[in-house]
file input11.txt (compact mmCIF, C-alpha atoms (C1' of nucleotides))
# COMPACT_ATOMS: atom_id res chain seq x y z
CA MET X 1 -61.03 -63.86 29.09
CA SER X 2 -62.47 -61.19 26.85
CA LYS X 3 -62.49 -57.75 28.44
CA ARG X 4 -65.60 -55.75 29.06
CA TYR X 5 -65.88 -52.13 28.05
CA GLY X 6 -68.03 -49.30 29.30
CA CYS X 7 -68.52 -47.83 25.86
CA PRO X 8 -67.53 -48.45 22.23
CA VAL X 9 -64.85 -45.77 22.36
CA GLU X 10 -63.07 -47.65 25.14
CA LEU X 11 -62.95 -50.76 22.99
CA ALA X 12 -61.71 -48.86 19.95
CA VAL X 13 -58.96 -47.15 21.94
CA ASP X 14 -57.90 -50.47 23.44
CA VAL X 15 -57.34 -51.95 19.97
CA ILE X 16 -56.05 -49.03 17.93
CA GLY X 17 -54.97 -46.57 20.61
CA GLY X 18 -51.51 -45.80 21.85
CA LYS X 19 -48.81 -43.57 20.50
CA TRP X 20 -47.80 -45.48 17.36
CA ARG X 21 -50.51 -47.88 16.26
CA PRO X 22 -52.60 -45.19 14.53
CA VAL X 23 -49.50 -43.87 12.77
CA ILE X 24 -48.51 -47.31 11.47
CA LEU X 25 -52.06 -47.96 10.34
CA ALA X 26 -52.25 -44.61 8.57
CA HIS X 27 -49.16 -45.48 6.56
CA LEU X 28 -50.41 -48.96 5.69
CA LYS X 29 -53.69 -47.38 4.63
CA GLU X 30 -51.71 -45.99 1.67
CA GLY X 31 -50.63 -49.48 0.64
CA ALA X 32 -48.35 -52.34 1.64
CA HIS X 33 -45.00 -51.37 3.13
CA ARG X 34 -41.82 -53.19 3.98
CA TYR X 35 -40.44 -53.15 7.50
CA GLY X 36 -37.59 -50.84 6.56
CA GLU X 37 -39.91 -48.48 4.72
CA LEU X 38 -42.02 -48.06 7.83
CA ARG X 39 -38.91 -47.38 9.86
CA ARG X 40 -37.83 -44.62 7.51
CA ARG X 41 -41.29 -43.12 7.30
CA VAL X 42 -41.70 -42.96 11.08
CA PRO X 43 -38.17 -42.15 12.21
CA ASP X 44 -39.26 -41.00 15.68
CA MET X 45 -40.53 -44.48 16.51
CA SER X 46 -37.94 -46.89 17.86
CA GLU X 47 -37.45 -50.16 16.08
CA LYS X 48 -38.61 -52.01 19.14
CA MET X 49 -41.93 -50.20 19.10
CA LEU X 50 -42.40 -50.86 15.40
CA ALA X 51 -41.81 -54.59 15.77
CA GLN X 52 -43.97 -54.80 18.90
CA ARG X 53 -46.90 -52.84 17.48
CA LEU X 54 -46.79 -54.77 14.22
CA ARG X 55 -47.11 -58.01 16.16
CA GLU X 56 -50.06 -56.65 18.12
CA LEU X 57 -51.78 -55.40 15.01
CA GLN X 58 -51.38 -58.85 13.46
CA ALA X 59 -52.73 -60.52 16.59
CA ASP X 60 -55.75 -58.20 16.46
CA GLY X 61 -56.38 -59.07 12.84
CA LEU X 62 -55.76 -55.60 11.45
CA VAL X 63 -52.48 -56.24 9.65
CA GLU X 64 -51.09 -59.17 7.71
CA ARG X 65 -47.42 -60.04 7.34
CA VAL X 66 -46.14 -61.47 4.07
CA ASP X 67 -42.66 -62.99 3.95
CA ARG X 68 -41.41 -63.09 0.37
CA GLN X 69 -38.79 -65.68 1.38
CA SER X 70 -35.98 -64.03 -0.50
CA ARG X 71 -32.37 -63.18 0.19
CA PRO X 72 -31.88 -60.58 1.43
CA ALA X 73 -35.04 -60.77 3.55
CA HIS X 74 -38.15 -59.10 2.14
CA VAL X 75 -41.22 -58.77 4.36
CA GLU X 76 -44.30 -56.74 3.62
CA TYR X 77 -47.14 -55.59 5.83
CA HIS X 78 -50.58 -54.65 4.63
CA LEU X 79 -54.02 -54.00 6.11
CA THR X 80 -56.52 -56.82 6.32
CA GLU X 81 -60.17 -56.25 5.50
CA GLU X 82 -60.71 -55.52 9.19
CA GLY X 83 -57.83 -53.07 9.07
CA ARG X 84 -59.32 -51.30 6.07
CA SER X 85 -62.54 -50.83 8.06
CA LEU X 86 -60.54 -48.30 10.08
CA ALA X 87 -60.30 -45.93 7.15
CA PRO X 88 -62.89 -43.46 8.52
CA VAL X 89 -61.11 -43.29 11.88
CA LEU X 90 -57.69 -42.81 10.32
CA GLN X 91 -58.96 -40.24 7.88
CA ALA X 92 -60.70 -38.27 10.63
CA LEU X 93 -57.54 -38.31 12.75
CA TYR X 94 -55.46 -37.21 9.78
CA ASP X 95 -57.82 -34.39 8.85
CA TRP X 96 -58.07 -33.15 12.40
CA GLY X 97 -54.30 -33.23 12.74
CA VAL X 98 -53.92 -31.13 9.61
CA ALA X 99 -56.47 -28.57 10.78
CA ARG X 100 -55.01 -28.40 14.28
CA ALA X 101 -51.52 -27.88 12.90
CA GLU X 102 -52.77 -24.98 10.81
CA ARG X 103 -54.63 -23.38 13.72
CA SER X 104 -51.59 -23.62 15.98
CA ALA X 105 -48.96 -22.97 13.29
CA THR X 106 -47.26 -26.24 14.19
CA PRO X 107 -44.75 -27.51 11.64
CA ILE X 108 -45.66 -30.94 10.43
CA GLY X 109 -44.65 -33.60 7.92
CA HIS X 110 -47.21 -35.29 5.73
CA LEU X 111 -47.83 -38.71 4.36
CA PRO X 112 -47.07 -38.75 0.64
CA ARG X 113 -49.97 -38.65 -1.78
CA MET N 114 -40.48 -25.23 22.29
CA SER N 115 -43.33 -26.58 20.19
CA LYS N 116 -42.91 -30.19 19.22
CA ARG N 117 -42.47 -31.33 15.69
CA TYR N 118 -44.42 -34.19 14.22
CA GLY N 119 -43.72 -36.53 11.37
CA CYS N 120 -47.33 -36.61 10.25
CA PRO N 121 -50.73 -35.17 11.20
CA VAL N 122 -51.78 -38.41 12.88
CA GLU N 123 -48.88 -38.12 15.31
CA LEU N 124 -50.04 -34.65 16.29
CA ALA N 125 -53.64 -35.76 16.70
CA VAL N 126 -52.67 -38.72 18.86
CA ASP N 127 -50.47 -36.52 21.01
CA VAL N 128 -53.40 -34.23 21.82
CA ILE N 129 -56.37 -36.58 22.00
CA GLY N 130 -54.70 -39.97 22.39
CA GLY N 131 -54.27 -42.06 25.49
CA LYS N 132 -56.59 -44.41 27.26
CA TRP N 133 -59.16 -41.98 28.64
CA ARG N 134 -59.11 -38.68 26.77
CA PRO N 135 -61.20 -39.95 23.86
CA VAL N 136 -63.72 -41.48 26.27
CA ILE N 137 -64.10 -38.24 28.23
CA LEU N 138 -64.45 -36.25 25.01
CA ALA N 139 -67.05 -38.67 23.67
CA HIS N 140 -69.18 -38.11 26.77
CA LEU N 141 -68.80 -34.35 26.64
CA LYS N 142 -69.77 -34.48 22.98
CA GLU N 143 -73.27 -35.38 24.26
CA GLY N 144 -73.41 -32.19 26.30
CA ALA N 145 -71.99 -30.59 29.44
CA HIS N 146 -71.36 -32.92 32.37
CA ARG N 147 -70.53 -32.45 36.01
CA TYR N 148 -67.42 -33.98 37.51
CA GLY N 149 -69.41 -36.58 39.42
CA GLU N 150 -71.46 -37.48 36.36
CA LEU N 151 -68.30 -38.24 34.42
CA ARG N 152 -67.05 -40.38 37.26
CA ARG N 153 -70.23 -42.44 37.26
CA ARG N 154 -70.32 -42.77 33.49
CA VAL N 155 -66.74 -43.98 33.27
CA PRO N 156 -66.42 -46.09 36.43
CA ASP N 157 -63.31 -47.92 35.23
CA MET N 158 -61.34 -44.68 35.18
CA SER N 159 -59.78 -43.65 38.47
CA GLU N 160 -60.61 -40.27 39.91
CA LYS N 161 -57.00 -39.26 39.57
CA MET N 162 -57.04 -39.94 35.84
CA LEU N 163 -60.29 -38.03 35.39
CA ALA N 164 -58.97 -34.93 37.15
CA GLN N 165 -55.64 -35.13 35.36
CA ARG N 166 -57.09 -35.64 31.87
CA LEU N 167 -59.62 -32.86 32.39
CA ARG N 168 -56.80 -30.48 33.24
CA GLU N 169 -54.89 -31.49 30.12
CA LEU N 170 -57.94 -31.12 27.93
CA GLN N 171 -58.47 -27.63 29.32
CA ALA N 172 -54.83 -26.74 28.75
CA ASP N 173 -55.14 -27.92 25.15
CA GLY N 174 -58.24 -25.78 24.63
CA LEU N 175 -60.64 -28.67 24.02
CA VAL N 176 -62.66 -28.45 27.22
CA GLU N 177 -63.89 -25.58 29.36
CA ARG N 178 -64.55 -25.72 33.08
CA VAL N 179 -67.44 -23.74 34.55
CA ASP N 180 -67.70 -23.31 38.31
CA ARG N 181 -71.27 -22.45 39.26
CA GLN N 182 -70.03 -21.12 42.62
CA SER N 183 -72.74 -22.82 44.62
CA ARG N 184 -72.87 -24.82 47.83
CA PRO N 185 -72.46 -27.72 47.55
CA ALA N 186 -69.93 -27.32 44.77
CA HIS N 187 -71.23 -27.52 41.21
CA VAL N 188 -68.73 -27.67 38.36
CA GLU N 189 -69.50 -28.41 34.75
CA TYR N 190 -67.29 -29.34 31.84
CA HIS N 191 -68.15 -28.82 28.22
CA LEU N 192 -66.41 -28.89 24.85
CA THR N 193 -65.03 -25.69 23.40
CA GLU N 194 -65.41 -24.90 19.72
CA GLU N 195 -62.06 -26.56 19.20
CA GLY N 196 -63.30 -29.58 21.12
CA ARG N 197 -66.42 -29.78 18.98
CA SER N 198 -64.20 -29.92 15.90
CA LEU N 199 -63.32 -33.43 17.10
CA ALA N 200 -66.82 -34.69 16.40
CA PRO N 201 -65.84 -36.63 13.24
CA VAL N 202 -62.97 -38.36 15.06
CA LEU N 203 -65.11 -39.28 18.05
CA GLN N 204 -67.98 -40.45 15.88
CA ALA N 205 -65.67 -42.63 13.76
CA LEU N 206 -64.13 -44.15 16.89
CA TYR N 207 -67.57 -44.81 18.34
CA ASP N 208 -68.90 -46.37 15.15
CA TRP N 209 -65.87 -48.56 14.70
CA GLY N 210 -66.08 -49.69 18.33
CA VAL N 211 -69.71 -50.68 17.85
CA ALA N 212 -68.94 -52.64 14.68
CA ARG N 213 -65.90 -54.33 16.18
CA ALA N 214 -67.89 -55.35 19.25
CA GLU N 215 -70.51 -56.93 17.03
CA ARG N 216 -67.97 -58.78 14.92
CA SER N 217 -66.21 -60.15 17.99
CA ALA N 218 -69.32 -60.66 20.13
CA THR N 219 -67.77 -58.48 22.83
CA PRO N 220 -70.20 -57.26 25.49
CA ILE N 221 -70.23 -53.50 25.67
CA GLY N 222 -71.97 -50.58 27.32
CA HIS N 223 -73.17 -47.62 25.31
CA LEU N 224 -73.38 -43.92 25.71
CA PRO N 225 -77.01 -42.91 26.33
CA ARG N 226 -79.26 -41.54 23.64
C1' DC U 227 -69.58 -32.02 45.69
C1' DG U 228 -65.34 -31.57 43.56
C1' DG U 229 -61.40 -32.11 43.92
C1' DT U 230 -55.65 -32.88 45.80
C1' DA U 231 -51.72 -35.35 47.81
C1' DT U 232 -49.13 -39.33 48.52
C1' DC U 233 -47.31 -43.61 47.74
C1' DC U 234 -46.77 -47.54 44.99
C1' DA U 235 -47.25 -50.96 40.97
C1' DT U 236 -47.20 -51.74 36.31
C1' DA U 237 -46.89 -50.53 31.44
C1' DT U 238 -44.89 -48.15 27.84
C1' DT U 239 -41.07 -46.31 25.59
C1' DG U 240 -36.39 -45.78 24.19
C1' DA U 241 -31.02 -46.54 23.19
C1' DT U 242 -27.93 -49.72 22.09
C1' DA U 243 -26.09 -53.86 20.64
C1' DC U 244 -26.57 -58.16 18.41
C1' DT U 245 -28.32 -62.02 14.93
C1' DG U 246 -29.98 -65.09 10.84
C1' DC G 247 -33.05 -56.73 5.40
C1' DA G 248 -35.70 -57.78 9.19
C1' DG G 249 -35.76 -58.39 13.12
C1' DT G 250 -34.56 -59.76 18.82
C1' DA G 251 -32.33 -58.97 23.53
C1' DT G 252 -31.16 -56.26 27.28
C1' DC G 253 -31.30 -52.59 30.26
C1' DA G 254 -32.82 -48.21 31.82
C1' DA G 255 -36.04 -44.21 31.91
C1' DT G 256 -40.48 -42.41 31.92
C1' DA G 257 -45.41 -42.49 31.76
C1' DT G 258 -49.51 -44.26 33.25
C1' DG G 259 -52.59 -46.25 36.47
C1' DG G 260 -54.65 -47.18 41.01
C1' DA G 261 -55.68 -47.10 46.40
C1' DT G 262 -56.18 -44.44 50.06
C1' DA G 263 -56.63 -40.46 52.68
C1' DC G 264 -57.63 -35.76 53.10
C1' DC G 265 -59.64 -30.75 52.22
C1' DG G 266 -62.66 -26.37 51.11

call {"tool": "encode", "arguments": {"input": "input11.txt", "output": "structure tokens"}}
result
Amino acid sequence: MSKRYGCPVELAVDVIGGKWRPVILAHLKEGAHRYGELRRRVPDMSEKMLAQRLRELQADGLVERVDRQSRPAHVEYHLTEEGRSLAPVLQALYDWGVARAERSATPIGHLPR
Amino acid sequence: MSKRYGCPVELAVDVIGGKWRPVILAHLKEGAHRYGELRRRVPDMSEKMLAQRLRELQADGLVERVDRQSRPAHVEYHLTEEGRSLAPVLQALYDWGVARAERSATPIGHLPR
DNA sequence: CGGTATCCATATTGATACTG
DNA sequence: CAGTATCAATATGGATACCG
């Protein structure tokens, strides 16, 4: 039941598009993060969206979940090799966002580092 | 009234995200197109979405509309300077889509040229 | 040719509360 | 800490018909 796409951009958007997936991926690009860390770093995203998008990103092979099996719970998410292949896309989005914010004098937070 | 964003990627996604905006922009990146051309090149997008997204892209300063004032009607759309600044994003999306399609053996159409 | 208007269906998003 | 469940609001998408 694989979908067909009219062009490569349609496929890319289908997998990594949407309001929050690129943001989550951009954070994970900086290294593994725990669930709660991601919540704090993207406070405008509801918890439901975070959990849902993380599951989709796992299903699409971009993100891996690691349960450290400890009490209290400790779960980490990190990019897979496939996920790391998105680096050029995420970097381009980030750079464009920075430049656009400057041009339009829009206040903006930044990823650390 | 301007929105605030937690990171540059959120801003970028807000302006060029969604299902069809990147696809339209990728086509216009290849040069000016008429309304009907865009419809034929992206047949899976409804006419309503095309008209609506084009209006948004104009409002955001990424696309310019040129009415040739002829009978029958002849209207062209092309990227503004600001729109052309998206080239790295669009290229990265395109390239990743091509690679992903190959890895997953997904059939896919391509932009001409 | 290049659109709009209308109506409707579905998907996405969000607030809040709850659980192991 | 790391989630899930539920309900409600909004956004997005599509079919059809119509207009200068």

call {"tool": "residues_around", "arguments": {"input": "input11.txt", "residues": "segment 213-217 of chain N", "least_positions_apart": "4", "cutoff": "8 Å", "atoms": "only C-alpha atoms (C1' of nucleotides)", "output": "JSON, numbers by chain"}}
result
{"X": [8, 11, 12], "N": [209, 221]}

call {"tool": "residues_around", "arguments": {"input": "input11.txt", "residues": "segment 126-134 of chain N", "least_positions_apart": "4", "cutoff": "9 Å", "atoms": "only C-alpha atoms (C1' of nucleotides)", "output": "NGL selection string"}}
result
(:X and (10 or 13-14 or 17-20 or 22-23 or 93 or 97)) or (:N and (121-122 or 138-139 or 158 or 162-163 or 166-167 or 169-170 or 173))

call {"tool": "interface_residues", "arguments": {"input": "input11.txt", "of": "chain X", "to": "chain G", "cutoff": "12 Å", "atoms": "all atoms listed in the file", "output": "NGL selection string"}}
result
:X and (18-19 or 34-39 or 47-52 or 54-55 or 67-76)

call {"tool": "interface_residues", "arguments": {"input": "input11.txt", "of": "chain U", "to": "chain N", "cutoff": "8 Å", "atoms": "all atoms listed in the file", "output": "number ranges by chain"}}
result
U: 227-229

call {"tool": "atom_distance", "arguments": {"input": "input11.txt", "atom1": "atom CA of Asp157 of chain N", "atom2": "atom CA of Gly6 of chain X"}}
result
7.7 Å

call {"tool": "atom_distance", "arguments": {"input": "input11.txt", "atom1": "atom CA of Ala172 of chain N", "atom2": "atom CA of Thr193 of chain N"}}
result
11.6 Å

call {"tool": "closest_residue", "arguments": {"input": "input11.txt", "among": "N:Cys120, N:Ala218, N:Ala212, N:Leu203", "to": "chain X", "atoms": "only C-alpha atoms"}}
result
N:Cys120

call {"tool": "atom_distance", "arguments": {"input": "input11.txt", "atom1": "atom CA of Gly61 of chain X", "atom2": "atom CA of Glu82 of chain X"}}
result
6.7 Å

call {"tool": "closest_residue", "arguments": {"input": "input11.txt", "among": "X:Lys3, X:Arg65, X:His33, X:His78", "to": "chain N", "atoms": "only C-alpha atoms"}}
result
X:Lys3

call {"tool": "closest_residue", "arguments": {"input": "input11.txt", "among": "N:Ala145, N:Ile137, N:Leu192, N:Val179", "to": "chain X", "atoms": "only C-alpha atoms"}}
result
N:Ile137

call {"tool": "residues_near_point", "arguments": {"input": "input11.txt", "point": "(-50.2, -40.5, 0.2)", "cutoff": "12 Å", "atoms": "all atoms listed in the file", "output": "list in words"}}
result
Ala26, His27, Leu28, Lys29, Glu30, Gly31, Arg41, Gln91, Tyr94, Gly109, His110, Leu111, Pro112 and Arg113 of chain X; Cys120 of chain N

call {"tool": "closest_residue", "arguments": {"input": "input11.txt", "among": "N:Glu177, N:Pro156, N:Tyr190, N:Gln171", "to": "chain X", "atoms": "only C-alpha atoms"}}
result
N:Pro156

call {"tool": "decode", "arguments": {"input": "input11.txt", "residues": "segment 92-105 of chain X", "atoms": "all heavy atoms", "output": "PDB file, in the first residue's frame"}}
result
ATOM      1  N   ALA X  92      19.363  23.634   6.618  1.00  0.00           N
ATOM      2  CA  ALA X  92      18.851  24.653   5.695  1.00  0.00           C
ATOM      3  C   ALA X  92      17.629  25.349   6.288  1.00  0.00           C
ATOM      4  O   ALA X  92      17.485  26.570   6.203  1.00  0.00           O
ATOM      5  CB  ALA X  92      18.510  24.019   4.348  1.00  0.00           C
ATOM      6  N   LEU X  93      16.746  24.564   6.908  1.00  0.00           N
ATOM      7  CA  LEU X  93      15.562  25.153   7.539  1.00  0.00           C
ATOM      8  C   LEU X  93      15.976  26.093   8.666  1.00  0.00           C
ATOM      9  O   LEU X  93      15.431  27.197   8.803  1.00  0.00           O
ATOM     10  CB  LEU X  93      14.673  24.047   8.127  1.00  0.00           C
ATOM     11  CG  LEU X  93      13.661  23.394   7.198  1.00  0.00           C
ATOM     12  CD1 LEU X  93      12.952  22.268   7.927  1.00  0.00           C
ATOM     13  CD2 LEU X  93      12.657  24.420   6.696  1.00  0.00           C
ATOM     14  N   TYR X  94      16.922  25.636   9.470  1.00  0.00           N
ATOM     15  CA  TYR X  94      17.394  26.444  10.595  1.00  0.00           C
ATOM     16  C   TYR X  94      17.995  27.755  10.091  1.00  0.00           C
ATOM     17  O   TYR X  94      17.642  28.848  10.568  1.00  0.00           O
ATOM     18  CB  TYR X  94      18.421  25.647  11.394  1.00  0.00           C
ATOM     19  CG  TYR X  94      18.882  26.320  12.655  1.00  0.00           C
ATOM     20  CD1 TYR X  94      18.315  26.017  13.882  1.00  0.00           C
ATOM     21  CD2 TYR X  94      19.895  27.282  12.623  1.00  0.00           C
ATOM     22  CE1 TYR X  94      18.736  26.632  15.051  1.00  0.00           C
ATOM     23  CE2 TYR X  94      20.323  27.912  13.783  1.00  0.00           C
ATOM     24  CZ  TYR X  94      19.745  27.580  14.996  1.00  0.00           C
ATOM     25  OH  TYR X  94      20.164  28.205  16.136  1.00  0.00           O
ATOM     26  N   ASP X  95      18.889  27.642   9.122  1.00  0.00           N
ATOM     27  CA  ASP X  95      19.558  28.842   8.602  1.00  0.00           C
ATOM     28  C   ASP X  95      18.560  29.816   7.999  1.00  0.00           C
ATOM     29  O   ASP X  95      18.665  31.030   8.186  1.00  0.00           O
ATOM     30  CB  ASP X  95      20.603  28.446   7.550  1.00  0.00           C
ATOM     31  CG  ASP X  95      21.765  27.672   8.159  1.00  0.00           C
ATOM     32  OD1 ASP X  95      21.913  27.691   9.397  1.00  0.00           O
ATOM     33  OD2 ASP X  95      22.521  27.034   7.397  1.00  0.00           O
ATOM     34  N   TRP X  96      17.604  29.277   7.252  1.00  0.00           N
ATOM     35  CA  TRP X  96      16.628  30.168   6.631  1.00  0.00           C
ATOM     36  C   TRP X  96      15.783  30.847   7.694  1.00  0.00           C
ATOM     37  O   TRP X  96      15.467  32.038   7.579  1.00  0.00           O
ATOM     38  CB  TRP X  96      15.748  29.409   5.635  1.00  0.00           C
ATOM     39  CG  TRP X  96      14.922  30.345   4.800  1.00  0.00           C
ATOM     40  CD1 TRP X  96      15.305  30.993   3.671  1.00  0.00           C
ATOM     41  CD2 TRP X  96      13.565  30.753   5.053  1.00  0.00           C
ATOM     42  NE1 TRP X  96      14.281  31.782   3.187  1.00  0.00           N
ATOM     43  CE2 TRP X  96      13.197  31.654   4.024  1.00  0.00           C
ATOM     44  CE3 TRP X  96      12.629  30.455   6.034  1.00  0.00           C
ATOM     45  CZ2 TRP X  96      11.941  32.240   3.957  1.00  0.00           C
ATOM     46  CZ3 TRP X  96      11.376  31.042   5.978  1.00  0.00           C
ATOM     47  CH2 TRP X  96      11.049  31.926   4.949  1.00  0.00           C
ATOM     48  N   GLY X  97      15.426  30.093   8.731  1.00  0.00           N
ATOM     49  CA  GLY X  97      14.640  30.658   9.824  1.00  0.00           C
ATOM     50  C   GLY X  97      15.377  31.802  10.503  1.00  0.00           C
ATOM     51  O   GLY X  97      14.790  32.848  10.811  1.00  0.00           O
ATOM     52  N   VAL X  98      16.675  31.620  10.714  1.00  0.00           N
ATOM     53  CA  VAL X  98      17.479  32.666  11.335  1.00  0.00           C
ATOM     54  C   VAL X  98      17.490  33.927  10.463  1.00  0.00           C
ATOM     55  O   VAL X  98      17.243  35.046  10.937  1.00  0.00           O
ATOM     56  CB  VAL X  98      18.927  32.183  11.560  1.00  0.00           C
ATOM     57  CG1 VAL X  98      19.819  33.341  11.980  1.00  0.00           C
ATOM     58  CG2 VAL X  98      18.956  31.080  12.627  1.00  0.00           C
ATOM     59  N   ALA X  99      17.729  33.728   9.168  1.00  0.00           N
ATOM     60  CA  ALA X  99      17.810  34.868   8.256  1.00  0.00           C
ATOM     61  C   ALA X  99      16.459  35.576   8.134  1.00  0.00           C
ATOM     62  O   ALA X  99      16.387  36.815   8.134  1.00  0.00           O
ATOM     63  CB  ALA X  99      18.285  34.405   6.873  1.00  0.00           C
ATOM     64  N   ARG X 100      15.402  34.796   8.051  1.00  0.00           N
ATOM     65  CA  ARG X 100      14.064  35.378   7.940  1.00  0.00           C
ATOM     66  C   ARG X 100      13.713  36.181   9.188  1.00  0.00           C
ATOM     67  O   ARG X 100      13.109  37.250   9.105  1.00  0.00           O
ATOM     68  CB  ARG X 100      13.051  34.256   7.715  1.00  0.00           C
ATOM     69  CG  ARG X 100      11.600  34.660   7.791  1.00  0.00           C
ATOM     70  CD  ARG X 100      11.083  35.157   6.456  1.00  0.00           C
ATOM     71  NE  ARG X 100       9.646  35.421   6.484  1.00  0.00           N
ATOM     72  CZ  ARG X 100       8.936  35.773   5.424  1.00  0.00           C
ATOM     73  NH1 ARG X 100       9.523  35.888   4.248  1.00  0.00           N
ATOM     74  NH2 ARG X 100       7.660  36.018   5.516  1.00  0.00           N
ATOM     75  N   ALA X 101      14.089  35.649  10.346  1.00  0.00           N
ATOM     76  CA  ALA X 101      13.806  36.353  11.599  1.00  0.00           C
ATOM     77  C   ALA X 101      14.533  37.696  11.624  1.00  0.00           C
ATOM     78  O   ALA X 101      13.972  38.709  12.049  1.00  0.00           O
ATOM     79  CB  ALA X 101      14.231  35.503  12.793  1.00  0.00           C
ATOM     80  N   GLU X 102      15.753  37.702  11.125  1.00  0.00           N
ATOM     81  CA  GLU X 102      16.508  38.959  11.097  1.00  0.00           C
ATOM     82  C   GLU X 102      15.861  39.956  10.137  1.00  0.00           C
ATOM     83  O   GLU X 102      15.661  41.117  10.478  1.00  0.00           O
ATOM     84  CB  GLU X 102      17.952  38.682  10.666  1.00  0.00           C
ATOM     85  CG  GLU X 102      18.788  38.115  11.813  1.00  0.00           C
ATOM     86  CD  GLU X 102      20.150  37.630  11.343  1.00  0.00           C
ATOM     87  OE1 GLU X 102      20.489  37.825  10.154  1.00  0.00           O
ATOM     88  OE2 GLU X 102      20.867  37.041  12.164  1.00  0.00           O
ATOM     89  N   ARG X 103      15.516  39.481   8.957  1.00  0.00           N
ATOM     90  CA  ARG X 103      14.901  40.375   7.962  1.00  0.00           C
ATOM     91  C   ARG X 103      13.604  40.968   8.468  1.00  0.00           C
ATOM     92  O   ARG X 103      13.274  42.105   8.154  1.00  0.00           O
ATOM     93  CB  ARG X 103      14.624  39.613   6.659  1.00  0.00           C
ATOM     94  CG  ARG X 103      15.840  39.395   5.794  1.00  0.00           C
ATOM     95  CD  ARG X 103      15.435  38.918   4.409  1.00  0.00           C
ATOM     96  NE  ARG X 103      14.858  37.573   4.416  1.00  0.00           N
ATOM     97  CZ  ARG X 103      15.565  36.462   4.235  1.00  0.00           C
ATOM     98  NH1 ARG X 103      16.862  36.522   4.042  1.00  0.00           N
ATOM     99  NH2 ARG X 103      14.972  35.292   4.237  1.00  0.00           N
ATOM    100  N   SER X 104      12.842  40.194   9.230  1.00  0.00           N
ATOM    101  CA  SER X 104      11.519  40.669   9.653  1.00  0.00           C
ATOM    102  C   SER X 104      11.519  41.120  11.111  1.00  0.00           C
ATOM    103  O   SER X 104      10.475  41.413  11.664  1.00  0.00           O
ATOM    104  CB  SER X 104      10.490  39.561   9.462  1.00  0.00           C
ATOM    105  OG  SER X 104      10.863  38.405  10.183  1.00  0.00           O
ATOM    106  N   ALA X 105      12.705  41.155  11.729  1.00  0.00           N
ATOM    107  CA  ALA X 105      12.814  41.604  13.122  1.00  0.00           C
ATOM    108  C   ALA X 105      11.887  40.815  14.036  1.00  0.00           C
ATOM    109  O   ALA X 105      11.275  41.349  14.959  1.00  0.00           O
ATOM    110  CB  ALA X 105      12.518  43.101  13.227  1.00  0.00           C
TER     111      ALA X 105
END
